[in-house]
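File shown: model-v5.pdb. Contents: PDB, C-alpha atoms and all ligand atoms.
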MODEL        1
ATOM      1  CA  MET A   1      25.328 -26.110  29.246  1.00  0.00           C
ATOM      2  CA  ASP A   2      28.529 -25.224  27.349  1.00  0.00           C
ATOM      3  CA  ARG A   3      28.906 -21.958  25.464  1.00  0.00           C
ATOM      4  CA  ARG A   4      28.044 -23.428  22.101  1.00  0.00           C
ATOM      5  CA  GLU A   5      24.921 -25.079  23.468  1.00  0.00           C
ATOM      6  CA  GLY A   6      23.960 -21.763  25.097  1.00  0.00           C
ATOM      7  CA  MET A   7      24.277 -19.936  21.772  1.00  0.00           C
ATOM      8  CA  LYS A   8      22.067 -22.530  20.133  1.00  0.00           C
ATOM      9  CA  GLN A   9      19.389 -21.962  22.772  1.00  0.00           C
ATOM     10  CA  ILE A  10      19.451 -18.204  22.170  1.00  0.00           C
ATOM     11  CA  MET A  11      19.301 -18.748  18.417  1.00  0.00           C
ATOM     12  CA  LEU A  12      16.238 -20.903  18.855  1.00  0.00           C
ATOM     13  CA  LEU A  13      14.639 -18.151  20.917  1.00  0.00           C
ATOM     14  CA  LEU A  14      15.302 -15.736  18.061  1.00  0.00           C
ATOM     15  CA  GLY A  15      13.690 -18.116  15.635  1.00  0.00           C
ATOM     16  CA  VAL A  16      16.939 -19.055  13.927  1.00  0.00           C
ATOM     17  CA  SER A  17      17.277 -22.614  12.775  1.00  0.00           C
ATOM     18  CA  ALA A  18      19.665 -24.644  14.926  1.00  0.00           C
ATOM     19  CA  THR A  19      20.956 -26.409  11.831  1.00  0.00           C
ATOM     20  CA  MET A  20      22.470 -23.118  10.643  1.00  0.00           C
ATOM     21  CA  PRO A  21      26.267 -23.262  10.985  1.00  0.00           C
ATOM     22  CA  LEU A  22      27.370 -21.074  13.881  1.00  0.00           C
ATOM     23  CA  GLN A  23      30.203 -19.335  12.021  1.00  0.00           C
ATOM     24  CA  ALA A  24      27.842 -18.130   9.230  1.00  0.00           C
ATOM     25  CA  PHE A  25      25.438 -16.621  11.702  1.00  0.00           C
ATOM     26  CA  ASP A  26      25.673 -12.886  12.415  1.00  0.00           C
ATOM     27  CA  PHE A  27      24.717 -12.714  16.047  1.00  0.00           C
ATOM     28  CA  ASN A  28      24.605  -8.925  16.368  1.00  0.00           C
ATOM     29  CA  LYS A  29      22.340  -8.695  13.368  1.00  0.00           C
ATOM     30  CA  ALA A  30      19.888 -11.182  14.848  1.00  0.00           C
ATOM     31  CA  ILE A  31      19.706  -9.315  18.159  1.00  0.00           C
ATOM     32  CA  ASP A  32      19.166  -6.088  16.213  1.00  0.00           C
ATOM     33  CA  ALA A  33      16.316  -7.712  14.314  1.00  0.00           C
ATOM     34  CA  ALA A  34      14.748  -8.952  17.528  1.00  0.00           C
ATOM     35  CA  GLY A  35      15.015  -5.440  19.007  1.00  0.00           C
ATOM     36  CA  SER A  36      13.302  -3.902  15.994  1.00  0.00           C
ATOM     37  CA  LEU A  37      10.420  -6.355  16.321  1.00  0.00           C
ATOM     38  CA  THR A  38       9.774  -5.105  19.839  1.00  0.00           C
ATOM     39  CA  LYS A  39       9.779  -1.556  18.506  1.00  0.00           C
ATOM     40  CA  ALA A  40       7.386  -2.450  15.682  1.00  0.00           C
ATOM     41  CA  ALA A  41       4.834  -3.500  18.267  1.00  0.00           C
ATOM     42  CA  SER A  42       5.077  -0.090  19.944  1.00  0.00           C
ATOM     43  CA  ILE A  43       4.322   1.884  16.760  1.00  0.00           C
ATOM     44  CA  THR A  44       0.780   3.141  17.239  1.00  0.00           C
ATOM     45  CA  ASP A  45      -1.912   3.639  14.606  1.00  0.00           C
ATOM     46  CA  ALA A  46      -1.549   7.404  15.140  1.00  0.00           C
ATOM     47  CA  ASP A  47       2.194   7.141  14.349  1.00  0.00           C
ATOM     48  CA  ILE A  48       1.445   5.222  11.171  1.00  0.00           C
ATOM     49  CA  LYS A  49      -1.063   7.850  10.057  1.00  0.00           C
ATOM     50  CA  ALA A  50       1.430  10.626  10.881  1.00  0.00           C
ATOM     51  CA  TYR A  51       4.123   9.000   8.712  1.00  0.00           C
ATOM     52  CA  TYR A  52       1.665   8.454   5.898  1.00  0.00           C
ATOM     53  CA  SER A  53       0.587  12.098   5.957  1.00  0.00           C
ATOM     54  CA  GLN A  54       4.223  13.176   5.727  1.00  0.00           C
ATOM     55  CA  LEU A  55       4.635  10.881   2.728  1.00  0.00           C
ATOM     56  CA  SER A  56       1.399  12.065   1.163  1.00  0.00           C
ATOM     57  CA  LYS A  57       2.315  15.761   1.479  1.00  0.00           C
ATOM     58  CA  GLU A  58       5.769  15.144   0.050  1.00  0.00           C
ATOM     59  CA  TYR A  59       4.471  13.117  -2.892  1.00  0.00           C
ATOM     60  CA  ASP A  60       1.710  15.634  -3.661  1.00  0.00           C
ATOM     61  CA  SER A  61       4.364  18.365  -3.820  1.00  0.00           C
ATOM     62  CA  GLN A  62       6.352  16.334  -6.344  1.00  0.00           C
ATOM     63  CA  ASN A  63       3.379  15.743  -8.649  1.00  0.00           C
ATOM     64  CA  LYS A  64       1.064  17.897 -10.718  1.00  0.00           C
ATOM     65  CA  VAL A  65      -2.196  17.800  -8.763  1.00  0.00           C
ATOM     66  CA  ALA A  66      -5.387  18.569 -10.719  1.00  0.00           C
ATOM     67  CA  THR A  67      -7.285  21.599  -9.423  1.00  0.00           C
ATOM     68  CA  SER A  68     -11.035  21.389  -8.788  1.00  0.00           C
ATOM     69  CA  GLY A  69     -11.553  23.335 -12.030  1.00  0.00           C
ATOM     70  CA  ASN A  70      -9.523  20.902 -14.143  1.00  0.00           C
ATOM     71  CA  LYS A  71     -11.569  18.325 -16.108  1.00  0.00           C
ATOM     72  CA  TYR A  72      -9.924  15.406 -14.282  1.00  0.00           C
ATOM     73  CA  GLY A  73     -10.339  17.169 -10.947  1.00  0.00           C
ATOM     74  CA  LYS A  74     -14.036  17.733 -11.694  1.00  0.00           C
ATOM     75  CA  ARG A  75     -14.515  14.123 -12.724  1.00  0.00           C
ATOM     76  CA  LEU A  76     -12.887  12.775  -9.567  1.00  0.00           C
ATOM     77  CA  ILE A  77     -14.984  15.090  -7.376  1.00  0.00           C
ATOM     78  CA  HIS A  78     -18.050  13.655  -9.114  1.00  0.00           C
ATOM     79  CA  LEU A  79     -16.871  10.036  -8.695  1.00  0.00           C
ATOM     80  CA  THR A  80     -15.993  10.395  -5.015  1.00  0.00           C
ATOM     81  CA  ARG A  81     -18.938  12.497  -3.884  1.00  0.00           C
ATOM     82  CA  GLY A  82     -20.069  11.253  -0.453  1.00  0.00           C
ATOM     83  CA  LEU A  83     -17.001   9.018  -0.088  1.00  0.00           C
ATOM     84  CA  ASN A  84     -14.847  11.151   2.199  1.00  0.00           C
ATOM     85  CA  SER A  85     -15.981   8.769   4.857  1.00  0.00           C
ATOM     86  CA  TYR A  86     -16.892   5.173   4.047  1.00  0.00           C
ATOM     87  CA  ASP A  87     -17.140   1.962   6.065  1.00  0.00           C
ATOM     88  CA  GLY A  88     -15.530   3.538   9.132  1.00  0.00           C
ATOM     89  CA  GLN A  89     -12.537   4.975   7.236  1.00  0.00           C
ATOM     90  CA  ARG A  90     -11.716   8.564   6.198  1.00  0.00           C
ATOM     91  CA  PHE A  91     -10.433   9.168   2.696  1.00  0.00           C
ATOM     92  CA  ASN A  92      -9.002  12.083   0.711  1.00  0.00           C
ATOM     93  CA  TYR A  93      -8.765  11.985  -3.074  1.00  0.00           C
ATOM     94  CA  LYS A  94      -6.668  13.773  -5.682  1.00  0.00           C
ATOM     95  CA  VAL A  95      -5.737  13.330  -9.334  1.00  0.00           C
ATOM     96  CA  TYR A  96      -2.135  13.413 -10.515  1.00  0.00           C
ATOM     97  CA  LEU A  97      -1.876  14.786 -14.039  1.00  0.00           C
ATOM     98  CA  THR A  98       0.347  12.274 -15.823  1.00  0.00           C
ATOM     99  CA  SER A  99      -0.120   9.769 -18.620  1.00  0.00           C
ATOM    100  CA  GLU A 100       0.911   6.903 -16.315  1.00  0.00           C
ATOM    101  CA  VAL A 101      -1.861   4.358 -15.687  1.00  0.00           C
ATOM    102  CA  ASN A 102      -1.660   4.211 -11.916  1.00  0.00           C
ATOM    103  CA  ALA A 103      -3.365   4.708  -8.563  1.00  0.00           C
ATOM    104  CA  PHE A 104      -2.359   4.158  -4.958  1.00  0.00           C
ATOM    105  CA  ALA A 105      -3.585   4.422  -1.404  1.00  0.00           C
ATOM    106  CA  MET A 106      -1.866   5.224   1.864  1.00  0.00           C
ATOM    107  CA  GLY A 107      -2.747   4.227   5.402  1.00  0.00           C
ATOM    108  CA  ASP A 108      -3.939   7.736   6.350  1.00  0.00           C
ATOM    109  CA  GLY A 109      -6.762   7.543   3.798  1.00  0.00           C
ATOM    110  CA  THR A 110      -4.846   9.149   0.930  1.00  0.00           C
ATOM    111  CA  VAL A 111      -6.106   7.893  -2.451  1.00  0.00           C
ATOM    112  CA  ARG A 112      -4.408   9.185  -5.594  1.00  0.00           C
ATOM    113  CA  ILE A 113      -5.636   8.419  -9.107  1.00  0.00           C
ATOM    114  CA  TYR A 114      -3.501   9.218 -12.165  1.00  0.00           C
ATOM    115  CA  SER A 115      -5.154  10.960 -15.133  1.00  0.00           C
ATOM    116  CA  GLY A 116      -3.693   8.256 -17.443  1.00  0.00           C
ATOM    117  CA  LEU A 117      -5.834   5.686 -15.638  1.00  0.00           C
ATOM    118  CA  MET A 118      -8.898   7.936 -15.843  1.00  0.00           C
ATOM    119  CA  ASP A 119      -8.405   8.287 -19.625  1.00  0.00           C
ATOM    120  CA  LEU A 120      -8.421   4.511 -19.972  1.00  0.00           C
ATOM    121  CA  MET A 121     -11.438   3.767 -17.798  1.00  0.00           C
ATOM    122  CA  THR A 122     -15.166   4.413 -17.564  1.00  0.00           C
ATOM    123  CA  ASP A 123     -16.613   5.992 -14.423  1.00  0.00           C
ATOM    124  CA  ASP A 124     -17.523   2.651 -12.847  1.00  0.00           C
ATOM    125  CA  GLU A 125     -14.103   1.193 -13.727  1.00  0.00           C
ATOM    126  CA  VAL A 126     -12.421   4.100 -11.920  1.00  0.00           C
ATOM    127  CA  ARG A 127     -14.817   3.384  -9.025  1.00  0.00           C
ATOM    128  CA  TYR A 128     -13.579  -0.214  -9.000  1.00  0.00           C
ATOM    129  CA  VAL A 129      -9.981   1.056  -8.665  1.00  0.00           C
ATOM    130  CA  ILE A 130     -11.050   3.444  -5.883  1.00  0.00           C
ATOM    131  CA  GLY A 131     -12.881   0.607  -4.089  1.00  0.00           C
ATOM    132  CA  HIS A 132      -9.832  -1.637  -4.469  1.00  0.00           C
ATOM    133  CA  GLU A 133      -7.536   1.007  -2.966  1.00  0.00           C
ATOM    134  CA  MET A 134     -10.033   1.555  -0.123  1.00  0.00           C
ATOM    135  CA  GLY A 135      -9.830  -2.184   0.517  1.00  0.00           C
ATOM    136  CA  HIS A 136      -6.057  -2.046   1.029  1.00  0.00           C
ATOM    137  CA  ILE A 137      -6.627   0.589   3.708  1.00  0.00           C
ATOM    138  CA  LYS A 138      -9.624  -1.148   5.293  1.00  0.00           C
ATOM    139  CA  PHE A 139      -7.815  -4.481   5.717  1.00  0.00           C
ATOM    140  CA  GLY A 140      -4.682  -2.832   7.125  1.00  0.00           C
ATOM    141  CA  HIS A 141      -2.390  -3.880   4.254  1.00  0.00           C
ATOM    142  CA  SER A 142      -0.971  -0.350   4.124  1.00  0.00           C
ATOM    143  CA  LYS A 143      -0.541  -0.311   7.882  1.00  0.00           C
ATOM    144  CA  LYS A 144       1.420  -3.573   7.904  1.00  0.00           C
ATOM    145  CA  ARG A 145       3.740  -2.287   5.190  1.00  0.00           C
ATOM    146  CA  MET A 146       4.463   0.855   7.155  1.00  0.00           C
ATOM    147  CA  GLN A 147       5.120  -1.114  10.336  1.00  0.00           C
ATOM    148  CA  ALA A 148       7.607  -3.276   8.492  1.00  0.00           C
ATOM    149  CA  ALA A 149       9.292  -0.340   6.749  1.00  0.00           C
ATOM    150  CA  LEU A 150       9.646   1.716   9.926  1.00  0.00           C
ATOM    151  CA  THR A 151      11.706  -0.993  11.559  1.00  0.00           C
ATOM    152  CA  THR A 152      14.382  -1.144   8.870  1.00  0.00           C
ATOM    153  CA  SER A 153      17.821  -0.261  10.166  1.00  0.00           C
ATOM    154  CA  ALA A 154      18.108   3.119   8.397  1.00  0.00           C
ATOM    155  CA  LEU A 155      14.942   4.512   9.950  1.00  0.00           C
ATOM    156  CA  ARG A 156      15.305   2.872  13.340  1.00  0.00           C
ATOM    157  CA  ASP A 157      17.832   5.442  14.563  1.00  0.00           C
ATOM    158  CA  THR A 158      15.612   8.352  13.509  1.00  0.00           C
ATOM    159  CA  LEU A 159      12.681   6.770  15.310  1.00  0.00           C
ATOM    160  CA  SER A 160      14.508   6.127  18.552  1.00  0.00           C
ATOM    161  CA  ALA A 161      15.886   9.690  18.500  1.00  0.00           C
ATOM    162  CA  ALA A 162      12.296  10.936  18.363  1.00  0.00           C
ATOM    163  CA  GLY A 163      11.657   9.207  21.685  1.00  0.00           C
ATOM    164  CA  GLY A 164       8.456   7.387  20.824  1.00  0.00           C
ATOM    165  CA  LYS A 165       6.816  10.318  19.022  1.00  0.00           C
ATOM    166  CA  ALA A 166       6.341  10.327  15.255  1.00  0.00           C
ATOM    167  CA  ALA A 167       9.623  11.647  13.874  1.00  0.00           C
ATOM    168  CA  GLN A 168       9.893  14.316  11.181  1.00  0.00           C
ATOM    169  CA  LEU A 169      11.494  12.409   8.323  1.00  0.00           C
ATOM    170  CA  SER A 170      13.976  13.888   5.861  1.00  0.00           C
ATOM    171  CA  ASP A 171      13.247  13.984   2.105  1.00  0.00           C
ATOM    172  CA  SER A 172      15.558  11.056   1.432  1.00  0.00           C
ATOM    173  CA  GLU A 173      14.007   9.027   4.253  1.00  0.00           C
ATOM    174  CA  LEU A 174      10.546   9.781   2.844  1.00  0.00           C
ATOM    175  CA  GLY A 175      11.749   8.746  -0.620  1.00  0.00           C
ATOM    176  CA  GLY A 176      12.985   5.412   0.707  1.00  0.00           C
ATOM    177  CA  LEU A 177       9.783   4.903   2.640  1.00  0.00           C
ATOM    178  CA  PHE A 178       7.651   5.585  -0.435  1.00  0.00           C
ATOM    179  CA  GLU A 179       9.486   2.843  -2.318  1.00  0.00           C
ATOM    180  CA  LYS A 180       8.740   0.388   0.463  1.00  0.00           C
ATOM    181  CA  VAL A 181       5.162   1.205   1.378  1.00  0.00           C
ATOM    182  CA  VAL A 182       3.645   2.405  -1.907  1.00  0.00           C
ATOM    183  CA  LYS A 183       5.761   1.091  -4.764  1.00  0.00           C
ATOM    184  CA  ALA A 184       6.174  -2.443  -3.447  1.00  0.00           C
ATOM    185  CA  GLN A 185       4.034  -5.180  -4.964  1.00  0.00           C
ATOM    186  CA  HIS A 186       1.048  -6.422  -2.971  1.00  0.00           C
ATOM    187  CA  SER A 187       0.792 -10.118  -2.202  1.00  0.00           C
ATOM    188  CA  GLN A 188      -1.793 -12.165  -4.090  1.00  0.00           C
ATOM    189  CA  SER A 189      -3.895 -12.652  -0.976  1.00  0.00           C
ATOM    190  CA  ASN A 190      -3.935  -8.893  -0.333  1.00  0.00           C
ATOM    191  CA  GLU A 191      -4.961  -8.339  -3.954  1.00  0.00           C
ATOM    192  CA  ARG A 192      -7.832 -10.801  -3.646  1.00  0.00           C
ATOM    193  CA  GLU A 193      -9.055  -9.160  -0.439  1.00  0.00           C
ATOM    194  CA  ALA A 194      -8.928  -5.701  -2.042  1.00  0.00           C
ATOM    195  CA  ASP A 195     -10.670  -6.964  -5.209  1.00  0.00           C
ATOM    196  CA  ASP A 196     -13.464  -8.586  -3.196  1.00  0.00           C
ATOM    197  CA  TYR A 197     -13.858  -5.381  -1.239  1.00  0.00           C
ATOM    198  CA  ALA A 198     -14.103  -3.378  -4.481  1.00  0.00           C
ATOM    199  CA  LEU A 199     -16.771  -5.727  -5.826  1.00  0.00           C
ATOM    200  CA  LYS A 200     -18.794  -5.393  -2.627  1.00  0.00           C
ATOM    201  CA  PHE A 201     -18.343  -1.612  -2.787  1.00  0.00           C
ATOM    202  CA  LEU A 202     -19.678  -1.458  -6.377  1.00  0.00           C
ATOM    203  CA  LYS A 203     -22.683  -3.638  -5.496  1.00  0.00           C
ATOM    204  CA  THR A 204     -23.483  -1.739  -2.273  1.00  0.00           C
ATOM    205  CA  LYS A 205     -23.380   1.594  -4.097  1.00  0.00           C
ATOM    206  CA  LYS A 206     -25.419   0.137  -6.985  1.00  0.00           C
ATOM    207  CA  TYR A 207     -22.712   0.719  -9.583  1.00  0.00           C
ATOM    208  CA  ASN A 208     -22.091  -1.850 -12.291  1.00  0.00           C
ATOM    209  CA  PRO A 209     -19.988  -4.651 -10.712  1.00  0.00           C
ATOM    210  CA  MET A 210     -18.935  -5.858 -14.197  1.00  0.00           C
ATOM    211  CA  ALA A 211     -16.720  -2.750 -14.237  1.00  0.00           C
ATOM    212  CA  ALA A 212     -14.278  -4.680 -12.005  1.00  0.00           C
ATOM    213  CA  VAL A 213     -13.912  -7.279 -14.766  1.00  0.00           C
ATOM    214  CA  THR A 214     -13.610  -4.849 -17.652  1.00  0.00           C
ATOM    215  CA  ALA A 215     -11.134  -2.632 -15.766  1.00  0.00           C
ATOM    216  CA  LEU A 216      -8.867  -5.620 -15.132  1.00  0.00           C
ATOM    217  CA  GLN A 217      -9.243  -6.757 -18.757  1.00  0.00           C
ATOM    218  CA  LYS A 218      -8.121  -3.319 -19.922  1.00  0.00           C
ATOM    219  CA  LEU A 219      -5.116  -3.526 -17.616  1.00  0.00           C
ATOM    220  CA  ASP A 220      -4.334  -6.984 -18.937  1.00  0.00           C
ATOM    221  CA  LYS A 221      -4.223  -5.613 -22.493  1.00  0.00           C
ATOM    222  CA  LEU A 222      -1.727  -3.022 -21.301  1.00  0.00           C
ATOM    223  CA  SER A 223       0.489  -5.580 -19.631  1.00  0.00           C
ATOM    224  CA  GLY A 224       2.003  -6.647 -22.938  1.00  0.00           C
ATOM    225  CA  GLY A 225       2.987  -3.122 -23.864  1.00  0.00           C
ATOM    226  CA  ARG A 226       3.408  -0.209 -21.457  1.00  0.00           C
ATOM    227  CA  GLY A 227       3.343  -2.112 -18.202  1.00  0.00           C
ATOM    228  CA  GLY A 228       4.570  -0.423 -15.032  1.00  0.00           C
ATOM    229  CA  GLY A 229       2.223   1.786 -13.043  1.00  0.00           C
ATOM    230  CA  TRP A 230      -0.642  -0.011 -11.380  1.00  0.00           C
ATOM    231  CA  LEU A 231       0.448  -3.292 -12.957  1.00  0.00           C
ATOM    232  CA  SER A 232       3.793  -3.264 -11.192  1.00  0.00           C
ATOM    233  CA  THR A 233       2.131  -3.004  -7.792  1.00  0.00           C
ATOM    234  CA  HIS A 234      -1.012  -4.964  -8.722  1.00  0.00           C
ATOM    235  CA  PRO A 235      -0.013  -8.105 -10.635  1.00  0.00           C
ATOM    236  CA  ALA A 236      -1.919 -10.725 -12.668  1.00  0.00           C
ATOM    237  CA  PRO A 237      -4.903  -8.718 -13.999  1.00  0.00           C
ATOM    238  CA  LYS A 238      -6.139 -11.548 -16.245  1.00  0.00           C
ATOM    239  CA  GLU A 239      -6.511 -14.085 -13.438  1.00  0.00           C
ATOM    240  CA  ARG A 240      -8.072 -11.423 -11.266  1.00  0.00           C
ATOM    241  CA  ALA A 241     -10.576 -10.494 -14.012  1.00  0.00           C
ATOM    242  CA  ASN A 242     -11.576 -14.167 -14.340  1.00  0.00           C
ATOM    243  CA  ARG A 243     -11.895 -14.508 -10.591  1.00  0.00           C
ATOM    244  CA  MET A 244     -14.186 -11.461 -10.427  1.00  0.00           C
ATOM    245  CA  LEU A 245     -16.233 -12.771 -13.354  1.00  0.00           C
ATOM    246  CA  LYS A 246     -16.806 -16.109 -11.567  1.00  0.00           C
ATOM    247  CA  GLN A 247     -18.193 -14.277  -8.552  1.00  0.00           C
ATOM    248  CA  LEU A 248     -20.640 -12.411 -10.776  1.00  0.00           C
ATOM    249  CA  SER A 249     -21.943 -15.366 -12.809  1.00  0.00           C
TER     250      SER A 249
HETATM  251 ZN    ZN B 301      -4.060  -3.781  -4.886  1.00  0.00          ZN
ENDMDL
END
Here is a file; write its structure as structure tokens.
Amino acid sequence: MDRREGMKQIMLLLGVSATMPLQAFDFNKAIDAAGSLTKAASITDADIKAYYSQLSKEYDSQNKVATSGNKYGKRLIHLTRGLNSYDGQRFNYKVYLTSEVNAFAMGDGTVRIYSGLMDLMTDDEVRYVIGHEMGHIKFGHSKKRMQAALTTSALRDTLSAAGGKAAQLSDSELGGLFEKVVKAQHSQSNEREADDYALKFLKTKKYNPMAAVTALQKLDKLSGGRGGGWLSTHPAPKERANRMLKQLS
């Protein structure tokens, strides 16, 4: 086998198309990528939770968290009573006091609801959002995001320096991580899974399942005007509302 043929064989092993011109191919980069894949496999669930709790603490400190005496705090305590543990997962809930219509979940069970979303929605509609966020955790969507983000080149050095233990990340590293694991848009299939989970959650708990439809319709109305927030990470509310409605009729 000549040298060029040998390179082609290695490229095939790395999953690189053999039709790719050799000169345009960055060999070091590909080996790096292959190395990071091996590392991704060695990131344990405990590591993922540890990174999420770092992120969660940092983000809580940057936001105005409602106290248990605040009206939003009280309302969320009421809505999440008995839900600190559900379907084999542990959750912790807080309200961020901001007019933004948003909510998110993290792989360590962190669920944060924004007061702007609570203003817009009825109790059962907020429960739909909570159930949807629980779904992202239950199906490991959050976990997969973290695995992918932890293997990016910037963080890889920090991780290897920590020698297999969860590293203490700097503020800027946490900021970058937040963008990747919380602010990134979910895929349509992940959205459907989380929506179906929310619907099942509402039915199991004997809340009104139509709240899933009306919550998404409200979000759809917003999408023309002040988008952003939950809509930027959770696209296509109209189609999703119709899909939920079909399952209920
Ligand atoms: Zn979602």
Residues at most 12 Å from ligand ZN 301 (chain B), using only C-alpha atoms and all ligand atoms? Could they come as a count of residues only? 47
Taking into account all atoms listed in the file, which residue in the set A:Tyr96, A:Lys71, A:Leu177, A:Leu55 is nearest to Thr151 (chain A)? A:Leu177
Give me, please, the distance in Å between CA of Val213 (chain A) and CA of Ala241 (chain A), quoted to one decimal.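 Between CA of Val213 (chain A) and CA of Ala241 (chain A) the gap works out to 4.7 Å.
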Might I get the box with edges along x, y and z of the file that holds all atoms of region 207-216 of chain A listed there, padded by 4 Å on every side, given as centre and edge lengths in Å to one decimal, as JSON?
{"center_x": -15.8, "center_y": -3.3, "center_z": -13.6, "size_x": 21.8, "size_y": 16.0, "size_z": 16.1}
Would you please work out which residue, of A:Leu248, A:Ala212, A:Gly109, A:Asp45, is nearest to Asp87 (chain A) when using only C-alpha atoms?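 So, comparing all the options, the nearest one is A:Gly109.
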